[in-house]
file protein.txt (compact mmCIF, C-alpha atoms)
# COMPACT_ATOMS: atom_id res chain seq x y z
CA MET A 153 5.72 -40.97 -23.84
CA ASN A 154 4.00 -41.78 -27.14
CA THR A 155 5.81 -39.53 -29.61
CA GLU A 156 3.17 -40.00 -32.33
CA HIS A 157 0.75 -37.71 -30.49
CA ARG A 158 1.61 -34.05 -29.88
CA TYR A 159 0.71 -33.43 -26.27
CA GLY A 160 -0.27 -30.05 -24.85
CA PHE A 161 2.29 -27.83 -23.15
CA GLU A 162 1.29 -28.61 -19.57
CA THR A 163 1.30 -32.35 -20.26
CA LEU A 164 4.79 -32.17 -21.74
CA ALA A 165 6.02 -30.00 -18.87
CA ILE A 166 4.92 -32.63 -16.37
CA HIS A 167 5.72 -35.85 -18.23
CA ALA A 168 8.49 -35.31 -20.83
CA GLY A 169 11.74 -36.74 -19.45
CA ASN A 170 9.87 -37.83 -16.32
CA GLU A 171 9.43 -41.53 -16.96
CA PRO A 172 8.77 -43.51 -13.74
CA ASP A 173 11.96 -44.96 -12.27
CA PRO A 174 12.34 -48.52 -13.65
CA THR A 175 13.62 -49.90 -10.34
CA THR A 176 11.07 -48.51 -7.88
CA GLY A 177 8.33 -46.94 -9.98
CA SER A 178 9.03 -43.51 -8.44
CA VAL A 179 7.07 -40.89 -10.39
CA VAL A 180 9.78 -38.32 -9.61
CA PRO A 181 13.15 -38.84 -11.35
CA PRO A 182 15.93 -39.72 -8.89
CA ILE A 183 18.81 -37.37 -8.19
CA TYR A 184 21.78 -39.34 -9.51
CA ALA A 185 24.52 -37.95 -7.25
CA THR A 186 27.33 -39.82 -8.93
CA SER A 187 30.42 -38.82 -10.86
CA THR A 188 31.14 -42.12 -12.58
CA TYR A 189 29.44 -45.37 -13.65
CA LYS A 190 30.37 -49.07 -13.63
CA GLN A 191 31.20 -50.29 -17.13
CA ASP A 192 30.15 -53.73 -18.33
CA GLY A 193 33.64 -54.55 -19.61
CA VAL A 194 36.13 -52.05 -21.04
CA GLY A 195 34.18 -49.60 -23.16
CA GLY A 196 30.90 -51.32 -22.32
CA LEU A 197 28.85 -48.32 -21.22
CA ARG A 198 25.58 -49.06 -19.50
CA ASN A 199 22.91 -47.00 -21.30
CA GLY A 200 25.66 -44.68 -22.56
CA TYR A 201 26.78 -43.34 -19.16
CA GLU A 202 30.46 -43.19 -18.27
CA TYR A 203 31.13 -39.87 -16.48
CA SER A 204 28.70 -37.21 -15.28
CA ARG A 205 30.32 -34.31 -17.12
CA SER A 206 29.40 -36.14 -20.33
CA ALA A 207 25.95 -37.24 -19.18
CA ASN A 208 23.96 -37.82 -16.00
CA PRO A 209 20.49 -39.42 -15.89
CA THR A 210 18.93 -36.53 -13.94
CA ARG A 211 20.36 -34.02 -16.41
CA THR A 212 19.19 -36.20 -19.29
CA ALA A 213 15.64 -36.07 -17.93
CA LEU A 214 15.80 -32.28 -17.80
CA GLU A 215 17.30 -32.01 -21.28
CA GLU A 216 14.54 -34.20 -22.73
CA CYS A 217 11.92 -32.02 -21.05
CA LEU A 218 13.55 -28.81 -22.29
CA ALA A 219 13.51 -30.06 -25.87
CA ALA A 220 9.86 -31.09 -25.62
CA ILE A 221 8.48 -27.84 -24.20
CA GLU A 222 10.45 -25.68 -26.67
CA ALA A 223 9.38 -27.79 -29.67
CA GLY A 224 13.01 -28.77 -30.27
CA ASN A 225 14.80 -32.04 -30.92
CA ARG A 226 17.69 -31.68 -28.47
CA GLY A 227 18.15 -29.80 -25.20
CA PHE A 228 21.30 -29.05 -23.21
CA ALA A 229 21.47 -28.03 -19.54
CA PHE A 230 24.25 -25.84 -18.15
CA ALA A 231 25.49 -24.47 -14.84
CA SER A 232 24.15 -20.98 -15.67
CA GLY A 233 22.63 -19.00 -18.50
CA LEU A 234 26.00 -17.37 -19.20
CA ALA A 235 27.68 -20.80 -19.31
CA ALA A 236 25.14 -21.81 -21.95
CA GLU A 237 25.80 -18.63 -23.95
CA ASP A 238 29.58 -18.99 -23.78
CA THR A 239 29.43 -22.63 -24.87
CA LEU A 240 27.09 -21.74 -27.72
CA ILE A 241 29.30 -18.99 -29.16
CA ARG A 242 32.39 -21.20 -28.95
CA SER A 243 30.38 -23.87 -30.80
CA LEU A 244 29.30 -21.49 -33.58
CA CYS A 245 32.16 -19.01 -33.94
CA VAL A 246 35.92 -18.81 -34.25
CA PRO A 247 38.16 -15.78 -33.71
CA GLY A 248 37.46 -13.23 -36.42
CA ASP A 249 33.75 -14.02 -36.68
CA HIS A 250 31.07 -11.41 -36.08
CA VAL A 251 27.80 -11.32 -34.09
CA VAL A 252 24.90 -8.86 -34.39
CA PHE A 253 23.84 -8.13 -30.83
CA PRO A 254 20.81 -6.33 -29.28
CA ASP A 255 21.32 -2.69 -28.32
CA ASP A 256 19.10 -3.43 -25.31
CA ALA A 257 20.25 -6.65 -23.64
CA TYR A 258 21.02 -8.19 -20.29
CA GLY A 259 24.19 -6.65 -18.85
CA GLY A 260 25.79 -10.01 -18.13
CA THR A 261 25.41 -11.11 -21.74
CA PHE A 262 26.91 -7.83 -22.94
CA ARG A 263 29.82 -8.27 -20.51
CA LEU A 264 30.42 -11.81 -21.81
CA PHE A 265 30.56 -10.61 -25.41
CA SER A 266 32.48 -7.38 -24.82
CA LYS A 267 34.98 -8.45 -22.13
CA VAL A 268 35.46 -12.20 -22.71
CA LEU A 269 34.47 -13.25 -26.22
CA GLY A 270 35.79 -9.98 -27.60
CA ASN A 271 39.24 -10.80 -26.22
CA TRP A 272 38.91 -14.22 -27.86
CA GLY A 273 38.42 -12.47 -31.21
CA VAL A 274 34.65 -12.48 -31.76
CA GLU A 275 33.45 -9.05 -32.88
CA MET A 276 30.04 -7.60 -31.98
CA THR A 277 27.84 -4.85 -33.44
CA PRO A 278 24.80 -3.64 -31.44
CA ALA A 279 21.57 -3.13 -33.38
CA ALA A 280 17.99 -2.24 -32.44
CA VAL A 281 15.98 -5.47 -32.30
CA THR A 282 12.81 -3.58 -33.21
CA HIS A 283 14.20 -2.38 -36.56
CA PRO A 284 14.85 -5.14 -39.12
CA ASP A 285 16.68 -2.68 -41.37
CA ALA A 286 19.11 -1.89 -38.54
CA ILE A 287 19.80 -5.59 -38.06
CA ARG A 288 20.27 -6.04 -41.79
CA ALA A 289 22.67 -3.07 -41.92
CA ALA A 290 24.73 -4.43 -39.01
CA ILE A 291 25.39 -7.75 -40.74
CA GLN A 292 28.85 -8.13 -42.24
CA PRO A 293 28.44 -10.45 -45.25
CA GLY A 294 30.54 -13.60 -44.96
CA LYS A 295 31.67 -12.66 -41.46
CA THR A 296 28.47 -12.54 -39.41
CA LYS A 297 27.77 -16.02 -38.06
CA VAL A 298 25.11 -15.21 -35.44
CA VAL A 299 22.25 -12.76 -35.03
CA TRP A 300 21.39 -12.62 -31.33
CA LEU A 301 17.99 -11.57 -30.02
CA GLU A 302 16.31 -11.06 -26.70
CA THR A 303 12.58 -10.60 -27.00
CA PRO A 304 11.17 -9.09 -24.91
CA THR A 305 14.46 -7.39 -24.08
CA ASN A 306 15.94 -6.84 -20.64
CA PRO A 307 15.09 -4.34 -19.17
CA LEU A 308 13.32 -2.08 -21.71
CA LEU A 309 10.94 -4.80 -22.94
CA ASN A 310 11.40 -4.11 -26.63
CA VAL A 311 9.96 -6.77 -28.94
CA ALA A 312 11.58 -8.24 -32.05
CA ASP A 313 9.68 -9.96 -34.83
CA ILE A 314 11.36 -13.36 -34.65
CA ALA A 315 10.15 -14.63 -38.03
CA ILE A 316 11.35 -11.52 -39.88
CA VAL A 317 14.75 -11.49 -38.18
CA ALA A 318 15.15 -15.24 -38.81
CA GLN A 319 14.74 -14.60 -42.53
CA ILE A 320 17.28 -11.74 -42.43
CA ALA A 321 19.81 -13.93 -40.61
CA HIS A 322 19.32 -16.91 -42.90
CA ASP A 323 19.57 -14.77 -46.04
CA ALA A 324 23.00 -13.68 -44.76
CA GLY A 325 24.10 -17.26 -43.99
CA ALA A 326 23.89 -16.64 -40.24
CA LEU A 327 22.03 -18.42 -37.45
CA LEU A 328 19.37 -16.77 -35.30
CA VAL A 329 19.75 -17.23 -31.54
CA VAL A 330 16.84 -16.12 -29.33
CA ASP A 331 17.09 -15.63 -25.58
CA ASN A 332 13.59 -16.67 -24.53
CA THR A 333 14.10 -16.21 -20.78
CA PHE A 334 11.59 -13.37 -20.28
CA ALA A 335 8.77 -15.06 -22.18
CA SER A 336 9.41 -18.71 -21.26
CA PRO A 337 8.41 -21.54 -23.61
CA TYR A 338 4.84 -21.31 -22.30
CA LEU A 339 4.35 -17.86 -23.80
CA GLN A 340 6.62 -17.99 -26.86
CA GLN A 341 8.32 -20.66 -28.97
CA PRO A 342 11.09 -19.16 -31.14
CA LEU A 343 12.01 -22.41 -32.92
CA GLU A 344 8.49 -22.53 -34.36
CA LEU A 345 9.05 -18.99 -35.70
CA GLY A 346 12.33 -19.79 -37.47
CA ALA A 347 15.01 -19.43 -34.80
CA ASP A 348 17.91 -21.89 -34.84
CA VAL A 349 18.80 -21.87 -31.14
CA VAL A 350 16.84 -20.94 -28.02
CA VAL A 351 18.72 -19.79 -24.91
CA HIS A 352 17.36 -19.76 -21.37
CA SER A 353 18.53 -18.76 -17.98
CA THR A 354 16.67 -21.58 -16.21
CA THR A 355 17.37 -19.68 -13.00
CA LYS A 356 14.36 -17.56 -13.88
CA TYR A 357 10.89 -18.77 -14.87
CA MET A 358 11.89 -22.37 -15.60
CA GLY A 359 13.13 -22.95 -12.06
CA GLY A 360 10.61 -20.44 -10.77
CA HIS A 361 11.48 -20.53 -7.06
CA SER A 362 14.76 -18.55 -6.76
CA ASP A 363 16.55 -21.65 -5.47
CA VAL A 364 18.70 -22.70 -8.43
CA VAL A 365 21.09 -21.25 -11.03
CA GLY A 366 21.10 -22.84 -14.47
CA GLY A 367 21.02 -22.35 -18.22
CA ALA A 368 19.81 -24.16 -21.32
CA LEU A 369 20.14 -24.39 -25.10
CA ILE A 370 17.51 -26.01 -27.34
CA VAL A 371 17.89 -26.76 -31.07
CA ARG A 372 16.23 -28.73 -33.86
CA ASP A 373 19.10 -29.30 -36.30
CA ALA A 374 20.99 -32.56 -35.66
CA GLU A 375 24.36 -31.29 -36.92
CA LEU A 376 24.14 -28.19 -34.75
CA ALA A 377 23.15 -30.36 -31.79
CA GLU A 378 26.28 -32.47 -32.22
CA LYS A 379 28.49 -29.36 -32.24
CA ILE A 380 26.91 -28.13 -29.02
CA ALA A 381 27.11 -31.57 -27.40
CA PHE A 382 30.84 -31.77 -28.16
CA HIS A 383 31.50 -28.32 -26.70
CA GLN A 384 29.26 -28.93 -23.69
CA ASN A 385 31.39 -31.94 -22.78
CA ALA A 386 34.71 -30.33 -23.74
CA ILE A 387 34.09 -27.09 -21.83
CA GLY A 388 32.28 -28.79 -18.97
CA ALA A 389 30.01 -26.08 -17.54
CA VAL A 390 27.17 -28.56 -17.06
CA ALA A 391 24.21 -28.54 -14.71
CA GLY A 392 24.70 -30.76 -11.67
CA PRO A 393 22.13 -33.44 -10.81
CA PHE A 394 20.46 -31.56 -7.94
CA ASP A 395 20.24 -28.33 -9.96
CA SER A 396 18.79 -30.33 -12.87
CA TRP A 397 16.22 -31.87 -10.54
CA LEU A 398 15.18 -28.45 -9.19
CA VAL A 399 14.65 -27.04 -12.68
CA LEU A 400 12.76 -30.14 -13.76
CA ARG A 401 10.50 -29.75 -10.73
CA GLY A 402 9.96 -26.06 -11.49
CA ILE A 403 8.98 -26.70 -15.11
CA LYS A 404 6.03 -28.84 -13.99
CA THR A 405 4.18 -25.73 -12.77
CA LEU A 406 5.50 -23.32 -15.41
CA GLY A 407 2.18 -22.95 -17.24
CA VAL A 408 0.05 -22.15 -14.21
CA ARG A 409 2.72 -19.82 -12.81
CA MET A 410 3.07 -17.88 -16.06
CA ASP A 411 -0.67 -17.31 -16.19
CA ARG A 412 -0.64 -15.88 -12.65
CA HIS A 413 2.49 -13.81 -13.34
CA SER A 414 0.74 -12.36 -16.38
CA ASP A 415 -2.54 -11.75 -14.50
CA ASN A 416 -0.74 -9.86 -11.74
CA ALA A 417 1.51 -7.94 -14.12
CA GLU A 418 -1.47 -6.66 -16.09
CA LYS A 419 -3.04 -5.26 -12.91
CA VAL A 420 0.28 -3.71 -11.84
CA VAL A 421 0.52 -2.04 -15.24
CA GLU A 422 -2.98 -0.60 -14.91
CA PHE A 423 -2.06 0.82 -11.50
CA LEU A 424 1.23 2.33 -12.68
CA GLN A 425 -0.39 3.95 -15.70
CA ARG A 426 -2.70 5.89 -13.39
CA HIS A 427 -0.03 7.01 -10.91
CA ASN A 428 1.19 10.60 -11.17
CA SER A 429 4.73 9.66 -10.07
CA VAL A 430 5.16 7.40 -13.11
CA SER A 431 6.25 9.01 -16.38
CA GLN A 432 6.27 5.88 -18.59
CA VAL A 433 5.29 2.23 -18.29
CA LEU A 434 7.09 -0.34 -20.46
CA TYR A 435 5.10 -3.53 -21.04
CA PRO A 436 4.34 -5.32 -24.33
CA GLY A 437 0.71 -5.82 -23.31
CA ILE A 438 -0.06 -2.10 -23.51
CA ASP A 439 -1.88 -1.10 -26.71
CA GLY A 440 0.43 1.88 -27.21
CA HIS A 441 3.63 -0.12 -26.77
CA PRO A 442 5.58 -0.06 -30.06
CA GLY A 443 5.99 -3.83 -29.98
CA HIS A 444 2.45 -4.67 -28.92
CA GLU A 445 1.23 -5.95 -32.29
CA THR A 446 4.30 -8.12 -32.77
CA ALA A 447 4.04 -9.48 -29.23
CA ALA A 448 0.34 -10.23 -29.72
CA LYS A 449 1.25 -12.18 -32.88
CA GLN A 450 4.03 -14.34 -31.41
CA MET A 451 3.31 -14.52 -27.67
CA LYS A 452 0.48 -16.25 -25.83
CA ARG A 453 0.48 -13.53 -23.14
CA TYR A 454 2.87 -10.75 -22.14
CA GLY A 455 4.63 -12.11 -19.07
CA GLY A 456 5.51 -10.97 -15.59
CA ILE A 457 8.21 -8.33 -16.18
CA VAL A 458 7.21 -4.67 -15.98
CA SER A 459 9.57 -1.71 -16.26
CA PHE A 460 8.67 1.90 -15.58
CA ARG A 461 10.24 5.33 -15.31
CA VAL A 462 9.49 7.82 -12.55
CA THR A 463 9.11 11.60 -12.54
CA GLY A 464 11.68 12.33 -9.82
CA GLY A 465 14.78 10.99 -11.57
CA GLU A 466 17.38 8.57 -10.24
CA LYS A 467 17.01 9.52 -6.56
CA HIS A 468 13.28 8.93 -6.69
CA ALA A 469 13.79 5.57 -8.39
CA LEU A 470 16.30 4.47 -5.73
CA ASP A 471 13.96 5.62 -2.93
CA ILE A 472 11.11 3.55 -4.37
CA CYS A 473 13.31 0.46 -4.58
CA ASN A 474 14.38 0.91 -0.96
CA LYS A 475 10.84 1.52 0.36
CA ALA A 476 9.16 -1.52 -1.17
CA GLU A 477 8.47 -4.38 1.21
CA VAL A 478 6.42 -7.08 -0.51
CA PHE A 479 8.52 -6.43 -3.61
CA THR A 480 11.94 -7.63 -2.45
CA LEU A 481 14.92 -5.52 -3.51
CA GLY A 482 17.09 -7.97 -5.40
CA GLU A 483 18.54 -9.02 -8.73
CA SER A 484 17.21 -11.86 -10.88
CA LEU A 485 13.58 -12.43 -11.85
CA GLY A 486 11.01 -15.10 -12.60
CA GLY A 487 10.50 -16.47 -9.09
CA VAL A 488 7.18 -16.85 -7.31
CA GLU A 489 8.07 -13.83 -5.15
CA SER A 490 7.97 -10.29 -6.53
CA LEU A 491 11.28 -8.48 -6.96
CA ILE A 492 12.15 -4.83 -7.56
CA GLU A 493 15.45 -3.47 -8.80
CA HIS A 494 17.23 -0.44 -10.24
CA PRO A 495 18.81 -1.74 -13.48
CA GLY A 496 21.27 1.16 -13.82
CA LYS A 497 22.85 0.40 -10.45
CA MET A 498 22.27 -3.36 -10.35
CA THR A 499 21.76 -5.82 -13.22
CA HIS A 500 22.88 -3.38 -15.93
CA ALA A 501 25.72 -1.58 -14.17
CA SER A 502 28.13 -3.32 -16.56
CA VAL A 503 26.70 -1.40 -19.55
CA ALA A 504 27.13 2.07 -18.04
CA GLY A 505 28.86 4.36 -20.51
CA THR A 506 28.07 2.09 -23.49
CA PRO A 507 25.32 2.27 -26.15
CA LEU A 508 23.36 -0.16 -23.96
CA GLU A 509 23.21 2.16 -20.92
CA VAL A 510 19.73 2.26 -19.39
CA PRO A 511 17.87 5.34 -18.06
CA ALA A 512 18.75 6.32 -14.49
CA ASP A 513 15.06 6.76 -13.59
CA LEU A 514 14.16 3.20 -14.65
CA ILE A 515 12.79 0.55 -12.27
CA ARG A 516 12.26 -3.10 -13.22
CA LEU A 517 9.69 -5.30 -11.52
CA SER A 518 9.49 -9.06 -11.61
CA VAL A 519 5.85 -9.48 -10.66
CA GLY A 520 5.32 -12.62 -8.62
CA ILE A 521 2.25 -14.70 -7.86
CA GLU A 522 1.28 -13.16 -4.50
CA THR A 523 -2.16 -11.70 -3.80
CA VAL A 524 -2.24 -8.86 -6.30
CA ASP A 525 -3.93 -6.36 -3.95
CA ASP A 526 -0.93 -6.67 -1.61
CA LEU A 527 1.41 -5.91 -4.51
CA LEU A 528 -0.58 -2.82 -5.50
CA LEU A 529 -0.69 -1.53 -1.93
CA ASP A 530 3.07 -2.04 -1.58
CA LEU A 531 3.78 -0.13 -4.79
CA ASP A 532 1.43 2.67 -3.74
CA ARG A 533 3.29 3.07 -0.46
CA ALA A 534 6.69 2.98 -2.14
CA LEU A 535 5.74 5.48 -4.83
CA SER A 536 4.29 7.84 -2.25

call {"tool": "encode", "arguments": {"input": "protein.txt", "output": "structure tokens"}}
result
Amino acid sequence: MNTEHRYGFETLAIHAGNEPDPTTGSVVPPIYATSTYKQDGVGGLRNGYEYSRSANPTRTALEECLAAIEAGNRGFAFASGLAAEDTLIRSLCVPGDHVVFPDDAYGGTFRLFSKVLGNWGVEMTPAAVTHPDAIRAAIQPGKTKVVWLETPTNPLLNVADIAIVAQIAHDAGALLVVDNTFASPYLQQPLELGADVVVHSTTKYMGGHSDVVGGALIVRDAELAEKIAFHQNAIGAVAGPFDSWLVLRGIKTLGVRMDRHSDNAEKVVEFLQRHNSVSQVLYPGIDGHPGHETAAKQMKRYGGIVSFRVTGGEKHALDICNKAEVFTLGESLGGVESLIEHPGKMTHASVAGTPLEVPADLIRLSVGIETVDDLLLDLDRALS
């Protein structure tokens, strides 16, 4: 593509990294199911390819697309979101370093930091992402190498001001990492707001069809990109060619899907706010949400994730999850189908008994792109 012109998001999502195949003219990138490549003489790599852990043309296409839609210069595709996170921290930190971590974060990320990276010697201090002073206070001068954000957070949908936190991190000599999975690049672009690294579970909205597991990192800085590239190859938790192809296919419809996810979520929120079995609705698009003004400033729309608390406690929440039909009871999020889950017993069971423990009466919805009236009827039946 002509790099002198800045194309719109949907154009980049469809075309970046998707050059027609030079041999056949195929408009869809091939799946290069190969582990190795013929060399043109010893050390004579054809277009830089020697072994598919180091690089694969299908993965390259995805990585170019990821960089383009996140307004970055370099993208990296991994076997899962957690593989991306682990590789990133090992690229940025050594034993004895310190990370400021959200006090409301995905349970798998917390488990990685507390049970794996903690044993490796990386220390972690939780802080409220909504309070810049709390983040500033958690920083250990000279020791903190990373400030980690999710925004919106999982599952309480708290919102951090990315630009403000970026300044706090940089003033302390640290890098700001933003997990942008909930928003997707269509709704929010952290690199444009001052972040140094964007993290994605491409399993979610990027793939969009609940048929692939993957992760991604996107950066602008060339030196940082080289560090990540070295560790990606050395650690080896890369995305395979078919998984890369599935994510690349999913990204092509990301914009239109996110608009429908957001449309449906807004109507679900309106319904839940009126229901007498619901004690609280958590969604950044609500005027009274504490992060609404920040979200309105840095997000295009508010996304497809809705969390809410119910009046009947944990048992009531579990009953609702079990009664839903169109909303499928299951972990994960971001697919075209709607999902319902109980974070305390499912995705966030690993944070039970920690400062990140979530309320027992909390339900999280991943609102899909089905006919919205069917979703509302299903929730009404389940809540009743």

call {"tool": "closest_residue", "arguments": {"input": "protein.txt", "among": "A:Ser502, A:Arg516, A:Gln319, A:Gln292", "to": "Phe265 (chain A)", "atoms": "only C-alpha atoms"}}
result
A:Ser502

call {"tool": "residues_around", "arguments": {"input": "protein.txt", "residues": "region 378-381 of chain A", "least_positions_apart": "2", "cutoff": "8 Å", "atoms": "only C-alpha atoms", "output": "number ranges by chain"}}
result
A: 228, 239-240, 243, 374-376, 383-385

call {"tool": "residues_near_point", "arguments": {"input": "protein.txt", "point": "(15.5, -31.9, -6.5)", "cutoff": "10 Å", "atoms": "all atoms listed in the file", "output": "CSV table (one decimal) with C-alpha atoms, in the frame of the given file"}}
result
chain,number,residue,atom,x,y,z
A,180,VAL,CA,9.8,-38.3,-9.6
A,181,PRO,CA,13.2,-38.8,-11.4
A,182,PRO,CA,15.9,-39.7,-8.9
A,183,ILE,CA,18.8,-37.4,-8.2
A,210,THR,CA,18.9,-36.5,-13.9
A,364,VAL,CA,18.7,-22.7,-8.4
A,393,PRO,CA,22.1,-33.4,-10.8
A,394,PHE,CA,20.5,-31.6,-7.9
A,395,ASP,CA,20.2,-28.3,-10.0
A,396,SER,CA,18.8,-30.3,-12.9
A,397,TRP,CA,16.2,-31.9,-10.5
A,398,LEU,CA,15.2,-28.4,-9.2
A,399,VAL,CA,14.6,-27.0,-12.7
A,400,LEU,CA,12.8,-30.1,-13.8
A,401,ARG,CA,10.5,-29.8,-10.7
A,402,GLY,CA,10.0,-26.1,-11.5

call {"tool": "closest_residue", "arguments": {"input": "protein.txt", "among": "A:Val433, A:Asp411, A:Trp272, A:Val317", "to": "Asp285 (chain A)", "atoms": "all atoms listed in the file"}}
result
A:Val317

call {"tool": "closest_residue", "arguments": {"input": "protein.txt", "among": "A:Val503, A:Ala207, A:Leu343, A:Ala321", "to": "Ala290 (chain A)", "atoms": "only C-alpha atoms"}}
result
A:Ala321

call {"tool": "atom_distance", "arguments": {"input": "protein.txt", "atom1": "CA of Glu418 (chain A)", "atom2": "CA of Ile438 (chain A)"}}
result
8.8 Å

call {"tool": "atom_distance", "arguments": {"input": "protein.txt", "atom1": "CA of Thr176 (chain A)", "atom2": "CA of Arg198 (chain A)"}}
result
18.6 Å

call {"tool": "closest_residue", "arguments": {"input": "protein.txt", "among": "A:Pro337, A:Gly388, A:Gly193, A:Gly177", "to": "Asp238 (chain A)", "atoms": "only C-alpha atoms"}}
result
A:Gly388

call {"tool": "atom_distance", "arguments": {"input": "protein.txt", "atom1": "CA of Leu301 (chain A)", "atom2": "CA of Leu328 (chain A)"}}
result
7.5 Å

call {"tool": "closest_residue", "arguments": {"input": "protein.txt", "among": "A:Asp323, A:Glu222, A:Glu216, A:Asp348", "to": "Leu244 (chain A)", "atoms": "only C-alpha atoms"}}
result
A:Asp348

call {"tool": "residues_around", "arguments": {"input": "protein.txt", "residues": "Val390 (chain A)", "least_positions_apart": "2", "cutoff": "7 Å", "atoms": "all atoms listed in the file", "output": "list in words"}}
result
Arg205, Ala229, Phe230, Ala231, Gln384, Gly388 and Gly392 of chain A

call {"tool": "residues_around", "arguments": {"input": "protein.txt", "residues": "Glu422 (chain A)", "least_positions_apart": "6", "cutoff": "12 Å", "atoms": "only C-alpha atoms", "output": "list of chain:residue names"}}
result
A:Asp415, A:Asn416, A:Val430, A:Gln432, A:Val433, A:Leu434, A:Tyr435, A:Gly437, A:Ile438, A:Asp439, A:Val458, A:Phe460, A:Val524, A:Leu528

call {"tool": "closest_residue", "arguments": {"input": "protein.txt", "among": "A:Ser414, A:Thr212, A:Thr163, A:Asn474", "to": "Leu491 (chain A)", "atoms": "only C-alpha atoms"}}
result
A:Asn474

call {"tool": "residues_around", "arguments": {"input": "protein.txt", "residues": "Thr282 (chain A)", "least_positions_apart": "3", "cutoff": "7 Å", "atoms": "only C-alpha atoms", "output": "list of chain:residue names"}}
result
A:Asn310, A:Val311, A:Ala312

call {"tool": "build_atoms", "arguments": {"input": "protein.txt", "residues": "region 428-439 of chain A", "atoms": "N, CA, C and O atoms", "output": "mmCIF file, in the frame of the given file"}}
result
data_model
loop_
_atom_site.group_PDB
_atom_site.id
_atom_site.type_symbol
_atom_site.label_atom_id
_atom_site.label_comp_id
_atom_site.auth_asym_id
_atom_site.auth_seq_id
_atom_site.Cartn_x
_atom_site.Cartn_y
_atom_site.Cartn_z
ATOM 1 N N ASN A 428 0.582 9.354 -10.697
ATOM 2 C CA ASN A 428 1.190 10.600 -11.170
ATOM 3 C C ASN A 428 2.694 10.660 -10.948
ATOM 4 O O ASN A 428 3.347 11.599 -11.424
ATOM 5 N N SER A 429 3.276 9.710 -10.234
ATOM 6 C CA SER A 429 4.730 9.660 -10.070
ATOM 7 C C SER A 429 5.415 8.852 -11.164
ATOM 8 O O SER A 429 6.650 8.768 -11.192
ATOM 9 N N VAL A 430 4.631 8.258 -12.046
ATOM 10 C CA VAL A 430 5.160 7.400 -13.110
ATOM 11 C C VAL A 430 5.076 8.148 -14.435
ATOM 12 O O VAL A 430 4.000 8.579 -14.848
ATOM 13 N N SER A 431 6.219 8.278 -15.108
ATOM 14 C CA SER A 431 6.250 9.010 -16.380
ATOM 15 C C SER A 431 6.058 8.084 -17.587
ATOM 16 O O SER A 431 5.593 8.534 -18.641
ATOM 17 N N GLN A 432 6.404 6.810 -17.457
ATOM 18 C CA GLN A 432 6.270 5.880 -18.590
ATOM 19 C C GLN A 432 6.238 4.455 -18.058
ATOM 20 O O GLN A 432 7.002 4.098 -17.159
ATOM 21 N N VAL A 433 5.359 3.646 -18.616
ATOM 22 C CA VAL A 433 5.290 2.230 -18.290
ATOM 23 C C VAL A 433 5.688 1.436 -19.529
ATOM 24 O O VAL A 433 5.180 1.685 -20.631
ATOM 25 N N LEU A 434 6.597 0.478 -19.360
ATOM 26 C CA LEU A 434 7.090 -0.340 -20.460
ATOM 27 C C LEU A 434 6.590 -1.769 -20.262
ATOM 28 O O LEU A 434 7.016 -2.469 -19.337
ATOM 29 N N TYR A 435 5.674 -2.182 -21.142
ATOM 30 C CA TYR A 435 5.100 -3.530 -21.040
ATOM 31 C C TYR A 435 4.475 -3.870 -22.389
ATOM 32 O O TYR A 435 3.681 -3.092 -22.931
ATOM 33 N N PRO A 436 4.837 -5.011 -22.978
ATOM 34 C CA PRO A 436 4.340 -5.320 -24.330
ATOM 35 C C PRO A 436 2.830 -5.474 -24.419
ATOM 36 O O PRO A 436 2.268 -5.411 -25.520
ATOM 37 N N GLY A 437 2.161 -5.660 -23.289
ATOM 38 C CA GLY A 437 0.710 -5.820 -23.310
ATOM 39 C C GLY A 437 -0.063 -4.535 -23.439
ATOM 40 O O GLY A 437 -1.294 -4.558 -23.604
ATOM 41 N N ILE A 438 0.616 -3.390 -23.382
ATOM 42 C CA ILE A 438 -0.060 -2.100 -23.510
ATOM 43 C C ILE A 438 -0.320 -1.804 -24.988
ATOM 44 O O ILE A 438 0.579 -1.932 -25.827
ATOM 45 N N ASP A 439 -1.527 -1.374 -25.315
ATOM 46 C CA ASP A 439 -1.880 -1.100 -26.710
ATOM 47 C C ASP A 439 -0.912 -0.124 -27.370
ATOM 48 O O ASP A 439 -0.577 -0.273 -28.541
#
